[in-house]
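Student: Take this structure first; my questions come after.
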Amino acid sequence: MTRDEPLVLGIETSCDETGVGIVRGHTLLADAVASSVEQHARFGGVVPEVASRAHLEAMVPTIQRACDTAGVTLRDVDAIAVTHGPGLAGALLVGVASAKALALSLGKPIYGVNHLAAHVAVDQLEHGPLPEPSLALLVSGGHSSLLKVTDITGHDGGVDPLGATIDDAAGEAFDKVARLLGLPFPGGPHIDRAAREGNQVAIDFPRGLTSRRDLERHRFDFSFSGLKTAVARWVEARERSGEPAPVADVAASFQEAVCDVLVRKALDAAASEGIEHLMIGGGVAANSRLRVLAEERASKLGIRVRVPRPGLCTDNGAMVAALGATMVERGRTPSPLDLPADSSLPVTEVLAG
Ligand code: KG4
Ligand code: ZN
């Protein structure tokens with residue numbers, strides 16, 4: 001780390017985590033996160049209005065905590081980066097408004113960045129500059145995509161979607177299956193934990209969009225809604241027979257079905273594009289089985305896998321700061337101060353212009 005690398009503060013509020021991260025270049029200095037997840041747990045999903053209010057309350061203390069941890073003051077910051085989409089509209093607005101206030105009062109540039117690209121960029125804080133091209137498997141609560149990344153700042157079509165889910169996102173499938181197994185929200189980490197005690201080949205759940213016919217039209221797309229229904233049917237049938245569902249076996253077999261398809265399609269895409277680096281990002285990238293399976297299969301093909309540590313996979317401000325720092329390094333033009341929050345921002349639009 002050198003002093004002339006840009007000091008960037010990143011703000012993330014697209015869902016239920018208020019994240020403020022501070023980086024210098026590719027070095028992480030602070031990653032403060034305040035989560036409202038407990039306020040949503042009893043509803044079984046994130047309640048947008050509750051999330052927005054929680055962001056408002058958490059914003060100033062979280063900024064303060066990040067600055068204290070990094071040992072910097074706001075005046076030291078060279079640029080502000082903020083998630084301006086996609087995500088919950090009201091939640092995004094809190095982050096965007098806060099970032100604008102900081103940028104205006106400090107007289108510093110603002111970069112409105114894409115949440116999904118930030119999930120990819122965050123790996124630079126752990127493993128150094130992202131090789132370009134890389135194939136990114138982006139799996140979160142709201143998205144599942146395969147992206148060809150030739151420029152993570154999005155310049156000149158730098159983030160190119162090769163495929164995406166046609167129904168539920170991978171994380172959404174984890175959350176729904178957890179719910180039907182009586183596990184708390186968000187379900188991903190609970191399924192991951194329960195699966196460790198289970199047998200992944202106990203139940204042969206379907207692998208969506210992998211039949212020869214489906215592959216013709218949807219080679220790099222995903223589908224998880226059929227899998228979710230298959231799990232629900234299996235659990236119902238077991239309970240009707242008077243026996244409780246074996247939670248660990250169902251969790252392990254379901255998780256295997258998801259990870260198998262994600263890894264299979266990601267490696268197929270990498271091989272077909274001649275790309276030697278696979279990056280996995282987003283909340284589901286925290287999954288222990290996904291990490292092991294990707295590494296196992298990729299190493300046989302000579303493909304290198306990069307996955308950030310679990311704490312950087314789920315939503316945080318450091319990922320936004322990391323992408324912001326790359327924008328500064330590459331001399332990208334900052335966003336205008338009237339940049340909007342865009343709840344349905346496409347993955348190809350990495351920087352608000
Ligand atoms: O990226 P993220 O924090 O928020 C979104 O942008 O959506 O992803 C949240 C998703 C949730 O669906 C959660 O259940 C899932 O990531 N998740 C996991 C694990 N940790 C979080 N899924 C599977 N295994 C995990 N260990
Ligand atoms: Zn996310």
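Starting from 1 in every chain, residues are counted up; chains themselves are A, B, ... following the order of the structure tokens, and ligands are numbered from 1 as listed.
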Which residues in region 141-194 of chain A does DSSP call strand (DSSP E)? List them as a PDB file with all heavy atoms, in the first residue's frame.

Tutor:
ATOM      1  N   SER A 144     -28.523 -14.732 -10.012  1.00  0.00           N
ATOM      2  CA  SER A 144     -27.593 -15.826 -10.337  1.00  0.00           C
ATOM      3  C   SER A 144     -27.202 -15.605 -11.779  1.00  0.00           C
ATOM      4  O   SER A 144     -28.053 -15.723 -12.663  1.00  0.00           O
ATOM      5  CB  SER A 144     -28.267 -17.188 -10.214  1.00  0.00           C
ATOM      6  OG  SER A 144     -28.859 -17.305  -8.960  1.00  0.00           O
ATOM      7  N   SER A 145     -25.951 -15.280 -12.020  1.00  0.00           N
ATOM      8  CA  SER A 145     -25.518 -14.971 -13.379  1.00  0.00           C
ATOM      9  C   SER A 145     -24.126 -15.493 -13.648  1.00  0.00           C
ATOM     10  O   SER A 145     -23.315 -15.642 -12.726  1.00  0.00           O
ATOM     11  CB  SER A 145     -25.426 -13.451 -13.608  1.00  0.00           C
ATOM     12  OG  SER A 145     -26.547 -12.781 -13.161  1.00  0.00           O
ATOM     13  N   LEU A 146     -23.880 -15.744 -14.916  1.00  0.00           N
ATOM     14  CA  LEU A 146     -22.524 -16.030 -15.385  1.00  0.00           C
ATOM     15  C   LEU A 146     -22.094 -14.838 -16.224  1.00  0.00           C
ATOM     16  O   LEU A 146     -22.782 -14.464 -17.183  1.00  0.00           O
ATOM     17  CB  LEU A 146     -22.513 -17.303 -16.228  1.00  0.00           C
ATOM     18  CG  LEU A 146     -22.532 -18.598 -15.425  1.00  0.00           C
ATOM     19  CD1 LEU A 146     -22.717 -19.801 -16.346  1.00  0.00           C
ATOM     20  CD2 LEU A 146     -21.242 -18.752 -14.622  1.00  0.00           C
ATOM     21  N   LEU A 147     -20.987 -14.236 -15.844  1.00  0.00           N
ATOM     22  CA  LEU A 147     -20.551 -13.013 -16.513  1.00  0.00           C
ATOM     23  C   LEU A 147     -19.145 -13.187 -17.080  1.00  0.00           C
ATOM     24  O   LEU A 147     -18.271 -13.742 -16.397  1.00  0.00           O
ATOM     25  CB  LEU A 147     -20.502 -11.848 -15.507  1.00  0.00           C
ATOM     26  CG  LEU A 147     -21.747 -11.624 -14.651  1.00  0.00           C
ATOM     27  CD1 LEU A 147     -21.455 -10.634 -13.521  1.00  0.00           C
ATOM     28  CD2 LEU A 147     -22.886 -11.109 -15.517  1.00  0.00           C
ATOM     29  N   LYS A 148     -18.951 -12.704 -18.289  1.00  0.00           N
ATOM     30  CA  LYS A 148     -17.594 -12.646 -18.835  1.00  0.00           C
ATOM     31  C   LYS A 148     -17.077 -11.245 -18.533  1.00  0.00           C
ATOM     32  O   LYS A 148     -17.657 -10.253 -18.985  1.00  0.00           O
ATOM     33  CB  LYS A 148     -17.621 -12.894 -20.343  1.00  0.00           C
ATOM     34  CG  LYS A 148     -16.267 -12.838 -20.974  1.00  0.00           C
ATOM     35  CD  LYS A 148     -16.356 -13.197 -22.443  1.00  0.00           C
ATOM     36  CE  LYS A 148     -15.017 -13.002 -23.122  1.00  0.00           C
ATOM     37  NZ  LYS A 148     -15.088 -13.390 -24.538  1.00  0.00           N
ATOM     38  N   VAL A 149     -16.025 -11.173 -17.729  1.00  0.00           N
ATOM     39  CA  VAL A 149     -15.532  -9.867 -17.292  1.00  0.00           C
ATOM     40  C   VAL A 149     -14.216  -9.559 -17.996  1.00  0.00           C
ATOM     41  O   VAL A 149     -13.187 -10.190 -17.729  1.00  0.00           O
ATOM     42  CB  VAL A 149     -15.325  -9.838 -15.757  1.00  0.00           C
ATOM     43  CG1 VAL A 149     -14.830  -8.460 -15.312  1.00  0.00           C
ATOM     44  CG2 VAL A 149     -16.622 -10.192 -15.035  1.00  0.00           C
ATOM     45  N   VAL A 159     -18.482  -6.002 -18.827  1.00  0.00           N
ATOM     46  CA  VAL A 159     -19.186  -7.030 -18.053  1.00  0.00           C
ATOM     47  C   VAL A 159     -20.313  -7.568 -18.938  1.00  0.00           C
ATOM     48  O   VAL A 159     -21.309  -6.898 -19.184  1.00  0.00           O
ATOM     49  CB  VAL A 159     -19.737  -6.458 -16.731  1.00  0.00           C
ATOM     50  CG1 VAL A 159     -20.564  -7.505 -15.996  1.00  0.00           C
ATOM     51  CG2 VAL A 159     -18.590  -5.977 -15.835  1.00  0.00           C
ATOM     52  N   ASP A 160     -20.105  -8.791 -19.425  1.00  0.00           N
ATOM     53  CA  ASP A 160     -20.989  -9.342 -20.451  1.00  0.00           C
ATOM     54  C   ASP A 160     -21.718 -10.583 -19.914  1.00  0.00           C
ATOM     55  O   ASP A 160     -21.083 -11.591 -19.608  1.00  0.00           O
ATOM     56  CB  ASP A 160     -20.102  -9.718 -21.662  1.00  0.00           C
ATOM     57  CG  ASP A 160     -20.913 -10.277 -22.805  1.00  0.00           C
ATOM     58  OD1 ASP A 160     -22.136 -10.037 -22.854  1.00  0.00           O
ATOM     59  OD2 ASP A 160     -20.318 -10.981 -23.654  1.00  0.00           O
ATOM     60  N   PRO A 161     -23.036 -10.518 -19.770  1.00  0.00           N
ATOM     61  CA  PRO A 161     -23.764 -11.669 -19.211  1.00  0.00           C
ATOM     62  C   PRO A 161     -23.884 -12.813 -20.233  1.00  0.00           C
ATOM     63  O   PRO A 161     -24.373 -12.608 -21.336  1.00  0.00           O
ATOM     64  CB  PRO A 161     -25.153 -11.110 -18.891  1.00  0.00           C
ATOM     65  CG  PRO A 161     -25.182  -9.706 -19.368  1.00  0.00           C
ATOM     66  CD  PRO A 161     -23.914  -9.388 -20.078  1.00  0.00           C
ATOM     67  N   LEU A 162     -23.408 -13.995 -19.838  1.00  0.00           N
ATOM     68  CA  LEU A 162     -23.522 -15.173 -20.715  1.00  0.00           C
ATOM     69  C   LEU A 162     -24.779 -15.965 -20.384  1.00  0.00           C
ATOM     70  O   LEU A 162     -25.314 -16.694 -21.213  1.00  0.00           O
ATOM     71  CB  LEU A 162     -22.303 -16.087 -20.547  1.00  0.00           C
ATOM     72  CG  LEU A 162     -20.930 -15.479 -20.805  1.00  0.00           C
ATOM     73  CD1 LEU A 162     -19.837 -16.521 -20.593  1.00  0.00           C
ATOM     74  CD2 LEU A 162     -20.852 -14.914 -22.220  1.00  0.00           C
ATOM     75  N   GLY A 163     -25.232 -15.843 -19.139  1.00  0.00           N
ATOM     76  CA  GLY A 163     -26.431 -16.576 -18.722  1.00  0.00           C
ATOM     77  C   GLY A 163     -26.895 -16.094 -17.369  1.00  0.00           C
ATOM     78  O   GLY A 163     -26.173 -15.380 -16.667  1.00  0.00           O
ATOM     79  N   ALA A 164     -28.133 -16.482 -17.013  1.00  0.00           N
ATOM     80  CA  ALA A 164     -28.702 -16.041 -15.730  1.00  0.00           C
ATOM     81  C   ALA A 164     -29.830 -16.992 -15.346  1.00  0.00           C
ATOM     82  O   ALA A 164     -30.233 -17.838 -16.150  1.00  0.00           O
ATOM     83  CB  ALA A 164     -29.233 -14.623 -15.848  1.00  0.00           C
TER      84      ALA A 164
END

Student: Which residues come within 12 Å of Ala321 (chain A), counting only C-alpha atoms, excluding same-chain residues fewer than 2 positions away, as a VMD selection string?

Tutor: chain A and resid 6 to 12 19 to 32 66 77 to 83 99 110 to 115 117 to 119 121 to 125 316 to 319 323 to 328

Student: Which of these, A:Ala195, A:Ala169, A:Cys259, A:Ala341, has the shortest distance to ligand 2 once you count only C-alpha atoms and all ligand atoms?

Tutor: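 For ligand 2, the nearest of the given residues is A:Ala169.
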
Student: Within 10 Å of ligand 1, which residues show up when you count only C-alpha atoms and all ligand atoms? List them as number ranges by chain, please.

Tutor: A: 13-17, 45, 86-87, 115-116, 119, 138-144, 169-178, 184-193, 255, 258-259, 281-291, 310-316

Student: What lies within 8 Å of region 232-240 of chain A using only C-alpha atoms, ignoring chain neighbours under 4 positions off, as a ChimeraX atom specification?

Tutor: /A:177,180,228,244-245

Student: Could the residues in this selection be saved with N, CA and C atoms as a PDB file, in the first residue's frame?

Tutor:
ATOM      1  N   VAL A 177     -36.085 -23.197   0.666  1.00  0.00           N
ATOM      2  CA  VAL A 177     -35.962 -24.584   1.139  1.00  0.00           C
ATOM      3  C   VAL A 177     -35.720 -24.596   2.654  1.00  0.00           C
ATOM      4  N   LEU A 180     -39.016 -24.261   4.384  1.00  0.00           N
ATOM      5  CA  LEU A 180     -39.870 -25.446   4.461  1.00  0.00           C
ATOM      6  C   LEU A 180     -39.263 -26.538   5.341  1.00  0.00           C
ATOM      7  N   LYS A 228     -36.792 -26.507  -6.029  1.00  0.00           N
ATOM      8  CA  LYS A 228     -37.480 -26.109  -4.793  1.00  0.00           C
ATOM      9  C   LYS A 228     -38.803 -26.884  -4.652  1.00  0.00           C
ATOM     10  N   PRO A 244     -40.918 -37.727  10.284  1.00  0.00           N
ATOM     11  CA  PRO A 244     -40.377 -36.380  10.054  1.00  0.00           C
ATOM     12  C   PRO A 244     -39.335 -36.417   8.931  1.00  0.00           C
ATOM     13  N   ALA A 245     -39.216 -35.302   8.203  1.00  0.00           N
ATOM     14  CA  ALA A 245     -38.206 -35.260   7.131  1.00  0.00           C
ATOM     15  C   ALA A 245     -36.814 -35.225   7.762  1.00  0.00           C
TER      16      ALA A 245
END

Student: Residues of region 100-325 of chain A in helix (DSSP H, G or I) according to DSSP, as a ChimeraX atom specification?

Tutor: /A:100-106,115-121,124-127,170-180,188-195,212-218,225-240,247-273,283-286,288-301,310-313,318-325

Student: Store the residues picked out above in a file with C-alpha atoms, as a short mmCIF file (atom, residue, chain, number, x, y, z; two decimals), in the first residue's frame.

Tutor:
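Below is the file result10.cif, written as the result:
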data_model
loop_
_atom_site.label_atom_id
_atom_site.label_comp_id
_atom_site.auth_asym_id
_atom_site.auth_seq_id
_atom_site.Cartn_x
_atom_site.Cartn_y
_atom_site.Cartn_z
CA LYS A 100 -24.26 12.61 -2.20
CA ALA A 101 -24.26 14.55 1.07
CA LEU A 102 -20.72 13.37 1.83
CA ALA A 103 -19.43 14.06 -1.68
CA LEU A 104 -20.95 17.53 -1.75
CA SER A 105 -19.83 18.57 1.72
CA LEU A 106 -16.30 17.17 1.29
CA HIS A 115 -23.99 -3.91 -6.65
CA LEU A 116 -23.42 -7.05 -8.75
CA ALA A 117 -20.12 -5.86 -10.20
CA ALA A 118 -19.07 -4.88 -6.66
CA HIS A 119 -19.61 -8.53 -5.57
CA VAL A 120 -16.99 -9.42 -8.21
CA ALA A 121 -14.60 -6.52 -7.53
CA GLN A 124 -9.33 -7.82 -5.35
CA LEU A 125 -9.06 -6.95 -1.66
CA GLU A 126 -8.10 -10.52 -0.92
CA HIS A 127 -6.40 -11.90 -4.01
CA ALA A 170 -29.71 -19.50 -6.00
CA GLY A 171 -29.88 -17.71 -2.64
CA GLU A 172 -33.65 -17.44 -2.91
CA ALA A 173 -33.80 -21.23 -3.38
CA PHE A 174 -31.67 -21.71 -0.25
CA ASP A 175 -33.96 -19.35 1.69
CA LYS A 176 -37.19 -21.05 0.50
CA VAL A 177 -35.96 -24.58 1.14
CA ALA A 178 -34.72 -23.56 4.59
CA ARG A 179 -38.15 -22.22 5.36
CA LEU A 180 -39.87 -25.45 4.46
CA GLY A 188 -28.28 -20.29 3.25
CA PRO A 189 -25.96 -20.49 6.26
CA HIS A 190 -28.39 -22.80 8.12
CA ILE A 191 -28.64 -25.23 5.18
CA ASP A 192 -24.86 -25.12 4.86
CA ARG A 193 -24.50 -26.04 8.55
CA ALA A 194 -27.24 -28.72 8.55
CA ALA A 195 -25.81 -30.29 5.38
CA ARG A 212 -29.78 -32.17 -23.65
CA ARG A 213 -32.85 -30.28 -24.88
CA ASP A 214 -32.60 -27.56 -22.24
CA LEU A 215 -28.88 -27.14 -22.92
CA GLU A 216 -29.62 -26.24 -26.54
CA ARG A 217 -31.49 -23.09 -25.47
CA HIS A 218 -30.22 -22.50 -21.94
CA SER A 225 -37.78 -23.30 -8.98
CA GLY A 226 -38.31 -26.94 -10.10
CA LEU A 227 -35.74 -28.06 -7.54
CA LYS A 228 -37.48 -26.11 -4.79
CA THR A 229 -40.82 -27.74 -5.72
CA ALA A 230 -39.20 -31.18 -5.81
CA VAL A 231 -37.85 -30.67 -2.29
CA ALA A 232 -41.28 -29.47 -1.07
CA ARG A 233 -43.01 -32.55 -2.59
CA TRP A 234 -40.43 -34.91 -1.11
CA VAL A 235 -40.76 -33.40 2.37
CA GLU A 236 -44.59 -33.43 2.18
CA ALA A 237 -44.65 -37.08 1.11
CA ARG A 238 -42.33 -38.03 3.96
CA GLU A 239 -44.44 -36.15 6.51
CA ARG A 240 -47.67 -37.67 5.15
CA VAL A 247 -33.40 -32.30 7.70
CA ALA A 248 -29.66 -32.94 7.33
CA ASP A 249 -30.08 -35.32 4.37
CA VAL A 250 -32.56 -33.05 2.60
CA ALA A 251 -30.28 -30.03 3.18
CA ALA A 252 -27.19 -31.89 1.93
CA SER A 253 -28.94 -33.34 -1.15
CA PHE A 254 -30.55 -30.00 -2.05
CA GLN A 255 -27.26 -28.15 -1.59
CA GLU A 256 -25.49 -30.71 -3.77
CA ALA A 257 -28.04 -30.22 -6.56
CA VAL A 258 -27.56 -26.43 -6.50
CA CYS A 259 -23.77 -26.53 -6.28
CA ASP A 260 -23.46 -29.24 -8.92
CA VAL A 261 -25.35 -27.17 -11.49
CA LEU A 262 -23.63 -23.89 -10.59
CA VAL A 263 -20.15 -25.37 -10.90
CA ARG A 264 -20.93 -27.46 -13.96
CA LYS A 265 -22.28 -24.49 -15.92
CA ALA A 266 -19.60 -22.05 -14.71
CA LEU A 267 -16.80 -24.39 -15.81
CA ASP A 268 -18.53 -25.13 -19.11
CA ALA A 269 -18.77 -21.37 -19.77
CA ALA A 270 -15.14 -20.78 -18.80
CA ALA A 271 -13.95 -23.64 -21.02
CA SER A 272 -16.08 -22.59 -23.97
CA GLU A 273 -14.79 -19.00 -23.74
CA GLY A 283 -23.81 -14.35 -0.66
CA VAL A 284 -24.09 -17.94 -1.91
CA ALA A 285 -20.34 -17.94 -2.61
CA ALA A 286 -20.00 -18.23 1.18
CA SER A 288 -18.74 -24.30 1.99
CA ARG A 289 -19.75 -27.06 -0.44
CA LEU A 290 -19.78 -24.69 -3.44
CA ARG A 291 -16.25 -23.58 -2.62
CA VAL A 292 -14.91 -27.14 -2.32
CA LEU A 293 -16.70 -28.48 -5.40
CA ALA A 294 -15.60 -25.56 -7.59
CA GLU A 295 -11.99 -25.97 -6.53
CA GLU A 296 -12.07 -29.76 -7.02
CA ARG A 297 -13.52 -29.72 -10.51
CA ALA A 298 -11.73 -26.58 -11.75
CA SER A 299 -8.29 -27.87 -10.80
CA LYS A 300 -8.83 -30.88 -13.09
CA LEU A 301 -9.41 -28.48 -16.01
CA PRO A 310 -17.21 -15.67 3.43
CA GLY A 311 -17.48 -12.31 5.24
CA LEU A 312 -16.74 -10.48 1.99
CA CYS A 313 -19.19 -12.61 -0.06
CA ALA A 318 -15.87 -2.88 1.26
CA MET A 319 -16.99 -4.35 -2.07
CA VAL A 320 -18.38 -0.98 -3.14
CA ALA A 321 -15.20 0.79 -2.04
CA ALA A 322 -13.12 -1.82 -3.94
CA LEU A 323 -14.99 -1.17 -7.17
CA GLY A 324 -14.83 2.59 -6.56
CA ALA A 325 -11.06 2.40 -6.12
#

Student: Using only C-alpha atoms, can you tell me which of A:Asp168, A:Gly95, A:Lys108, A:Pro246 comes closest to Arg75 (chain A)?

Tutor: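 Counting only C-alpha atoms, the residue closest to Arg75 (chain A) is A:Lys108.
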
Student: What does the distance between CA of Val305 (chain A) and CA of Val347 (chain A) come to in Å, to one decimal place?

Tutor: 21.5 Å

Student: As an exercise, work out the distance from CA of His155 (chain A) to CA of Leu351 (chain A) in Å and give it to one decimal place.

Tutor: 8.7 Å

Student: Neighbouring residues of His40 (chain A) were defined as those with any atom within 8 Å, considering only C-alpha atoms; residues of the same chain fewer than 6 positions away were excluded. Please report them as a PDB file with C-alpha atoms, in the first residue's frame.

Tutor:
ATOM      1  CA  VAL A  46     -36.747  -8.654   3.986  1.00  0.00           C
ATOM      2  CA  VAL A  47     -39.456  -6.008   4.569  1.00  0.00           C
ATOM      3  CA  VAL A  50     -38.187  -1.772   7.764  1.00  0.00           C
TER       4      VAL A  50
END

Student: Mind giving me the straight-line distance from CA of Leu92 (chain A) to CA of Leu56 (chain A) in Å, one decimal?

Tutor: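 Separating CA of Leu92 (chain A) from CA of Leu56 (chain A) is a distance of 10.8 Å.
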
Student: Got a sec: who's within 9 Å of Pro131 (chain A), counting only C-alpha atoms, leaving out chain neighbours fewer than 2 positions off, as JSON, numbers by chain?

Tutor: {"A": [128, 129, 133, 134, 149, 150, 277]}

Student: Under the rule that only C-alpha atoms and all ligand atoms are counted, which of A:Cys67, A:Ala41, A:Ile166, A:Leu88 is the nearest residue to ligand 2?

Tutor: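 Looking only at the distances to ligand 2, the closest residue turns out to be A:Leu88.
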
Student: Nearest to ligand 2: which of A:Thr210, A:Gln200, A:Thr73, A:Thr18 is it, counting only C-alpha atoms and all ligand atoms?

Tutor: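 Closest to ligand 2 of all the choices is A:Thr18.
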